[in-house]
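Data file: final01.csv. Format and content: CSV, C-alpha atoms and all ligand atoms.
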chain,number,residue,atom,x,y,z
A,1312,MET,CA,89.4,114.0,104.1
A,1313,TYR,CA,89.3,113.5,107.8
A,1314,GLY,CA,92.7,113.3,109.5
A,1315,LEU,CA,92.0,109.7,110.4
A,1316,VAL,CA,92.8,108.8,106.7
A,1317,ASN,CA,96.2,110.5,106.8
A,1318,LYS,CA,96.9,108.9,110.2
A,1319,ALA,CA,96.2,105.5,108.6
A,1320,VAL,CA,98.7,106.3,105.8
A,1321,GLU,CA,101.3,107.4,108.4
A,1322,ASP,CA,100.7,104.3,110.5
A,1323,LEU,CA,101.0,102.0,107.5
A,1324,VAL,CA,104.3,103.6,106.3
A,1325,LYS,CA,105.8,103.7,109.8
A,1326,THR,CA,104.9,100.1,110.6
A,1327,ASN,CA,106.3,98.7,107.4
A,1328,PHE,CA,109.1,101.0,106.5
A,1329,GLY,CA,110.0,103.0,109.7
A,1330,GLU,CA,110.1,106.6,110.9
A,1331,ALA,CA,112.8,107.9,108.5
A,1332,ILE,CA,111.0,106.8,105.4
A,1333,TRP,CA,107.8,108.5,106.7
A,1334,GLU,CA,109.7,111.7,107.2
A,1335,GLU,CA,111.1,111.4,103.6
A,1336,ILE,CA,107.6,110.9,102.2
A,1337,LYS,CA,106.2,113.8,104.2
A,1338,ALA,CA,108.9,116.1,103.0
A,1339,LYS,CA,108.5,115.0,99.4
A,1340,ALA,CA,104.7,115.7,99.7
A,1341,SER,CA,105.4,119.1,101.2
A,1342,VAL,CA,103.3,118.2,104.3
A,1343,LYS,CA,104.1,120.6,107.1
A,1344,GLU,CA,101.9,119.0,109.8
A,1345,THR,CA,103.9,117.3,112.5
A,1346,ALA,CA,100.8,115.2,113.4
A,1347,PHE,CA,97.3,114.7,112.0
A,1348,SER,CA,94.2,115.0,114.1
A,1349,SER,CA,91.6,112.3,113.4
A,1350,MET,CA,88.6,114.5,113.7
A,1351,GLN,CA,89.9,117.4,111.7
A,1352,PRO,CA,89.1,117.7,108.0
A,1353,TYR,CA,92.2,118.2,105.7
A,1354,PRO,CA,92.3,119.1,102.0
A,1355,ASP,CA,92.2,115.9,99.8
A,1356,SER,CA,95.4,117.2,98.2
A,1357,ILE,CA,97.4,116.3,101.3
A,1358,THR,CA,96.3,112.6,101.0
A,1359,TYR,CA,96.9,112.5,97.2
A,1360,ASN,CA,100.3,114.1,97.7
A,1361,LEU,CA,101.3,111.6,100.4
A,1362,VAL,CA,100.3,108.7,98.1
A,1363,GLY,CA,102.2,110.3,95.2
A,1364,ALA,CA,105.3,110.8,97.4
A,1365,ALA,CA,105.0,107.2,98.7
A,1366,THR,CA,105.1,105.8,95.1
A,1367,GLU,CA,108.4,107.7,94.5
A,1368,VAL,CA,110.1,106.9,97.8
A,1369,LEU,CA,109.0,103.2,97.9
A,1370,GLY,CA,109.3,102.5,94.2
A,1371,LEU,CA,105.7,101.2,93.9
A,1372,THR,CA,103.0,102.0,91.5
A,1373,ALA,CA,100.0,104.2,92.7
A,1374,ALA,CA,97.8,101.1,92.3
A,1375,GLN,CA,100.1,99.1,94.7
A,1376,VAL,CA,100.1,101.9,97.3
A,1377,LEU,CA,96.3,102.5,97.1
A,1378,GLU,CA,95.5,98.8,97.2
A,1379,THR,CA,97.8,98.3,100.2
A,1380,PHE,CA,96.2,101.3,101.9
A,1381,GLY,CA,92.7,100.0,101.3
A,1382,GLU,CA,93.5,96.7,103.0
A,1383,TYR,CA,95.2,98.4,105.9
A,1384,TRP,CA,92.3,100.8,106.4
A,1385,VAL,CA,90.0,97.9,107.5
A,1386,LEU,CA,92.6,96.8,110.1
A,1387,PHE,CA,93.5,100.3,111.2
A,1388,THR,CA,90.0,101.6,111.8
A,1389,ALA,CA,89.2,98.4,113.8
A,1390,GLN,CA,92.2,99.1,116.0
A,1391,GLU,CA,91.5,102.8,116.3
A,1392,GLY,CA,88.2,102.5,118.1
A,1393,TYR,CA,85.8,101.9,115.2
A,1394,GLY,CA,85.5,98.2,115.8
A,1395,ASP,CA,81.9,98.4,117.2
A,1396,MET,CA,80.9,100.5,114.2
A,1397,LEU,CA,82.4,98.0,111.8
A,1398,ASN,CA,80.7,95.2,113.8
A,1399,MET,CA,77.3,96.9,113.4
A,1400,ALA,CA,77.8,97.1,109.6
A,1401,GLY,CA,77.7,93.3,109.2
A,1402,LYS,CA,78.9,89.8,110.1
A,1403,THR,CA,79.7,88.6,106.6
A,1404,LEU,CA,81.4,90.1,103.6
A,1405,PRO,CA,78.3,90.5,101.5
A,1406,GLU,CA,76.3,91.9,104.4
A,1407,PHE,CA,79.0,94.5,105.2
A,1408,LEU,CA,79.2,95.6,101.5
A,1409,GLN,CA,75.4,96.1,101.4
A,1410,ASN,CA,75.6,98.2,104.6
A,1411,LEU,CA,78.4,100.6,103.5
A,1412,ASP,CA,76.1,103.5,102.8
A,1413,MET,CA,74.4,103.1,106.2
A,1414,LEU,CA,77.8,103.0,107.9
A,1415,HIS,CA,78.8,106.3,106.1
A,1416,VAL,CA,75.5,107.9,107.2
A,1417,ARG,CA,76.4,107.0,110.8
A,1418,VAL,CA,79.8,108.5,110.5
A,1419,GLY,CA,78.5,111.5,108.6
A,1420,ASN,CA,76.0,112.3,111.3
A,1421,LEU,CA,78.9,112.9,113.7
A,1422,MET,CA,81.4,114.3,111.2
A,1423,THR,CA,79.5,116.8,109.0
A,1424,ASP,CA,82.4,117.5,106.6
A,1425,LEU,CA,82.4,113.8,105.6
A,1426,LYS,CA,82.1,113.3,101.8
A,1427,PRO,CA,81.2,109.7,101.7
A,1428,PRO,CA,81.3,107.6,98.6
A,1429,SER,CA,78.3,105.4,97.8
A,1430,PHE,CA,78.2,101.7,97.1
A,1431,GLU,CA,75.5,99.5,95.6
A,1432,CYS,CA,75.4,95.7,95.4
A,1433,GLU,CA,73.6,93.6,92.8
A,1434,ASN,CA,73.5,90.1,91.3
A,1435,ILE,CA,74.1,88.7,94.8
A,1436,THR,CA,74.6,84.9,94.9
A,1437,GLU,CA,76.0,82.4,97.4
A,1438,ASN,CA,79.6,83.3,96.5
A,1439,SER,CA,79.6,86.4,94.4
A,1440,LEU,CA,78.2,89.9,93.8
A,1441,THR,CA,78.7,93.0,91.6
A,1442,LEU,CA,79.8,96.1,93.5
A,1443,HIS,CA,79.2,99.6,92.2
A,1444,TYR,CA,81.3,102.4,93.6
A,1445,PHE,CA,80.3,106.1,93.2
A,1446,SER,CA,82.7,108.8,94.4
A,1447,ASP,CA,83.4,112.5,93.9
A,1448,ARG,CA,87.1,111.6,94.4
A,1449,PRO,CA,89.1,110.5,91.3
A,1450,ALA,CA,91.5,107.7,90.8
A,1451,LEU,CA,90.8,105.6,93.9
A,1452,THR,CA,89.7,102.4,92.1
A,1453,PRO,CA,92.6,100.3,93.4
A,1454,MET,CA,91.9,101.4,97.0
A,1455,VAL,CA,88.4,99.8,96.7
A,1456,VAL,CA,90.1,96.6,95.6
A,1457,GLY,CA,92.2,96.7,98.8
A,1458,LEU,CA,89.2,97.7,101.0
A,1459,VAL,CA,87.2,94.6,99.8
A,1460,LYS,CA,90.2,92.3,100.2
A,1461,GLY,CA,90.7,93.7,103.7
A,1462,LEU,CA,87.1,93.0,104.5
A,1463,GLY,CA,87.6,89.4,103.1
A,1464,LYS,CA,90.4,89.0,105.7
A,1465,ARG,CA,88.3,90.5,108.5
A,1466,PHE,CA,85.5,87.9,107.8
A,1467,ASN,CA,87.9,85.0,107.0
A,1468,THR,CA,86.4,85.0,103.5
A,1469,PRO,CA,89.2,85.2,101.1
A,1470,CYS,CA,87.9,86.8,97.9
A,1471,GLU,CA,88.9,87.9,94.4
A,1472,VAL,CA,88.1,91.3,93.1
A,1473,ALA,CA,88.1,92.1,89.4
A,1474,ILE,CA,87.5,95.5,87.9
A,1475,LEU,CA,84.7,95.3,85.3
A,1476,GLU,CA,84.3,99.0,84.5
A,1477,SER,CA,86.2,102.0,85.7
A,1478,ARG,CA,86.2,105.8,85.3
A,1479,ASP,CA,89.7,105.4,83.8
A,1480,THR,CA,88.2,103.8,80.8
A,1481,GLY,CA,85.4,106.3,80.4
A,1482,HIS,CA,82.6,104.9,82.6
A,1483,ASP,CA,80.8,107.2,85.0
A,1484,HIS,CA,81.6,105.0,88.0
A,1485,ASP,CA,83.6,101.9,88.9
A,1486,VAL,CA,82.1,98.3,88.9
A,1487,PHE,CA,83.8,95.3,90.5
A,1488,ALA,CA,83.1,91.6,90.3
A,1489,ILE,CA,83.6,90.0,93.8
A,1490,THR,CA,83.8,86.3,94.3
A,1491,TRP,CA,84.5,84.3,97.5
B,1501,LIG,O1,85.2,112.3,103.4
B,1501,LIG,C1,86.0,111.7,104.2
B,1501,LIG,O2,86.7,112.3,105.1
B,1501,LIG,C2,86.0,110.2,104.2
B,1501,LIG,C3,87.0,109.6,105.0
B,1501,LIG,C4,87.0,108.2,105.0
B,1501,LIG,C5,85.2,109.5,103.4
B,1501,LIG,C6,85.2,108.1,103.4
B,1501,LIG,C7,86.1,107.4,104.2
B,1501,LIG,C8,86.1,105.9,104.3
B,1501,LIG,N1,86.5,105.4,103.0
B,1501,LIG,C9,87.9,105.8,102.6
B,1501,LIG,C10,88.0,105.9,101.1
B,1501,LIG,C11,87.2,107.0,100.6
B,1501,LIG,C12,87.1,106.9,99.1
B,1501,LIG,C13,86.2,107.9,98.5
B,1501,LIG,O3,85.9,109.0,99.1
B,1501,LIG,O4,85.7,107.6,97.3
B,1501,LIG,C14,86.5,103.9,103.0
B,1501,LIG,C15,85.1,103.3,103.0
B,1501,LIG,C16,85.1,101.8,103.2
B,1501,LIG,C17,84.9,101.0,102.1
B,1501,LIG,C18,85.0,99.6,102.3
B,1501,LIG,C19,85.1,99.1,103.6
B,1501,LIG,C20,85.2,99.9,104.7
B,1501,LIG,C21,85.2,101.3,104.5
B,1501,LIG,O5,85.3,102.2,105.5
B,1501,LIG,C22,84.8,101.9,106.8
B,1501,LIG,C23,85.0,103.2,107.5
B,1501,LIG,C24,84.4,104.4,107.0
B,1501,LIG,C25,84.6,105.6,107.7
B,1501,LIG,C26,85.3,105.6,108.9
B,1501,LIG,C27,85.8,104.4,109.4
B,1501,LIG,C28,85.7,103.2,108.8
B,1501,LIG,C29,85.5,106.9,109.6
B,1501,LIG,C30,85.5,106.9,110.9
B,1501,LIG,C31,85.7,108.2,111.6
B,1501,LIG,C32,85.9,109.3,110.8
B,1501,LIG,C33,86.0,109.2,109.4
B,1501,LIG,C34,85.8,108.0,108.8
B,1501,LIG,O6,86.2,110.5,111.4
B,1501,LIG,C35,86.1,110.6,112.7
B,1501,LIG,C36,84.9,110.5,113.3
B,1501,LIG,C37,84.8,110.6,114.7
B,1501,LIG,C38,85.9,110.8,115.5
B,1501,LIG,C39,87.2,110.9,114.8
B,1501,LIG,C40,87.2,110.8,113.4
In structure tokens, how does this file's structure come out?
Amino acid sequence: MYGLVNKAVEDLVKTNFGEAIWEEIKAKASVKETAFSSMQPYPDSITYNLVGAATEVLGLTAAQVLETFGEYWVLFTAQEGYGDMLNMAGKTLPEFLQNLDMLHVRVGNLMTDLKPPSFECENITENSLTLHYFSDRPALTPMVVGLVKGLGKRFNTPCEVAILESRDTGHDHDVFAITW
């Protein structure tokens, strides 16, 4: 994944727990890099190892770490210079969710090593929709819960996210019920 993702993990940990805890997590994850570069692709194993080490050091479950990260990602990318890009993807929660693939096409045009997930919306009503999440990457279901909640905060649209189907339970992709 692009270094931007690892930088977001670093920023989240440092902001909430401080420099020393970040160094501890990096050491436990056997990460040698002193700093991540946003535009450089890194092996996914680095990100997964950081998440794993964070669960041990912070005493949280993987689901808690991933959901917190997902929520933070929306804030972090807005701060890091991707605010215009996020603005272009929509002015409301349902509009943004429907434009996620387009957003990733935009990013992928610049960053050719991007391996974007894919999202589909269906059953769209005034206050709910069903979100389908397709990814080559395993075990990130709770991150998507956090991403959607982070978008809910971005658009002042508090929402609930329920997992209807997941790859953990043998389905070929994850399905979420979102209500606001
Ligand atoms: O393959 C990748 O490196 C990759 C990195 C980030 C693929 C996707 C993403 C974004 N995605 C992270 C979880 C991926 C889970 C998976 O692969 O199954 C979050 C997608 C998302 C979902 C809901 C709401 C918002 C979301 O993200 C918005 C977004 C998406 C991509 C970027 C920023 C915000 C982005 C921007 C610049 C990037 C990489 C990703 O890299 C650059 C590009 C130019 C200069 C510097 C860095």
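Shortest separation to ligand LIG 1501 (chain B) among A:Ser1429, A:Thr1441, A:Thr1403, A:Ser1477 occurs at residue A:Ser1429, atoms counted being only C-alpha atoms and all ligand atoms.
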Draw an axis-aligned box tight on the listed atoms of ligand LIG 1501 (chain B), then pad every side by 4 Å and write out centre and edge lengths in Å to one decimal as AutoDock Vina command-line options.
--center_x 86.2 --center_y 105.7 --center_z 106.4 --size_x 11.6 --size_y 21.2 --size_z 26.2
Kindly compile the residues surrounding ligand LIG 1501 (chain B) within 8 Å, counting all atoms listed in the file, and format them as a ChimeraX atom specification. /A:1312-1316,1349-1352,1381,1384-1385,1388-1389,1393,1396-1397,1407-1408,1411,1414-1415,1418-1419,1421-1422,1424-1429,1444-1449,1451,1454-1455,1458-1459,1461-1462
Provide the atom CA of Lys1325 of chain A to atom CA of Thr1372 of chain A distance in Å, to one decimal place. 18.6 Å
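The residue that comes closest to Gly1463 of chain A, out of A:Glu1406, A:Glu1330, A:Glu1391, A:Glu1476 and on the basis of all atoms listed in the file, is A:Glu1406.
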Using all atoms listed in the file, find the one residue out of A:Phe1430, A:Phe1487, A:Phe1347, A:Phe1387 that sits nearest to Arg1465 of chain A. A:Phe1387
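Across the model, the gap from atom CA of Asp1483 of chain A to atom CA of Phe1380 of chain A is 23.6 Å.
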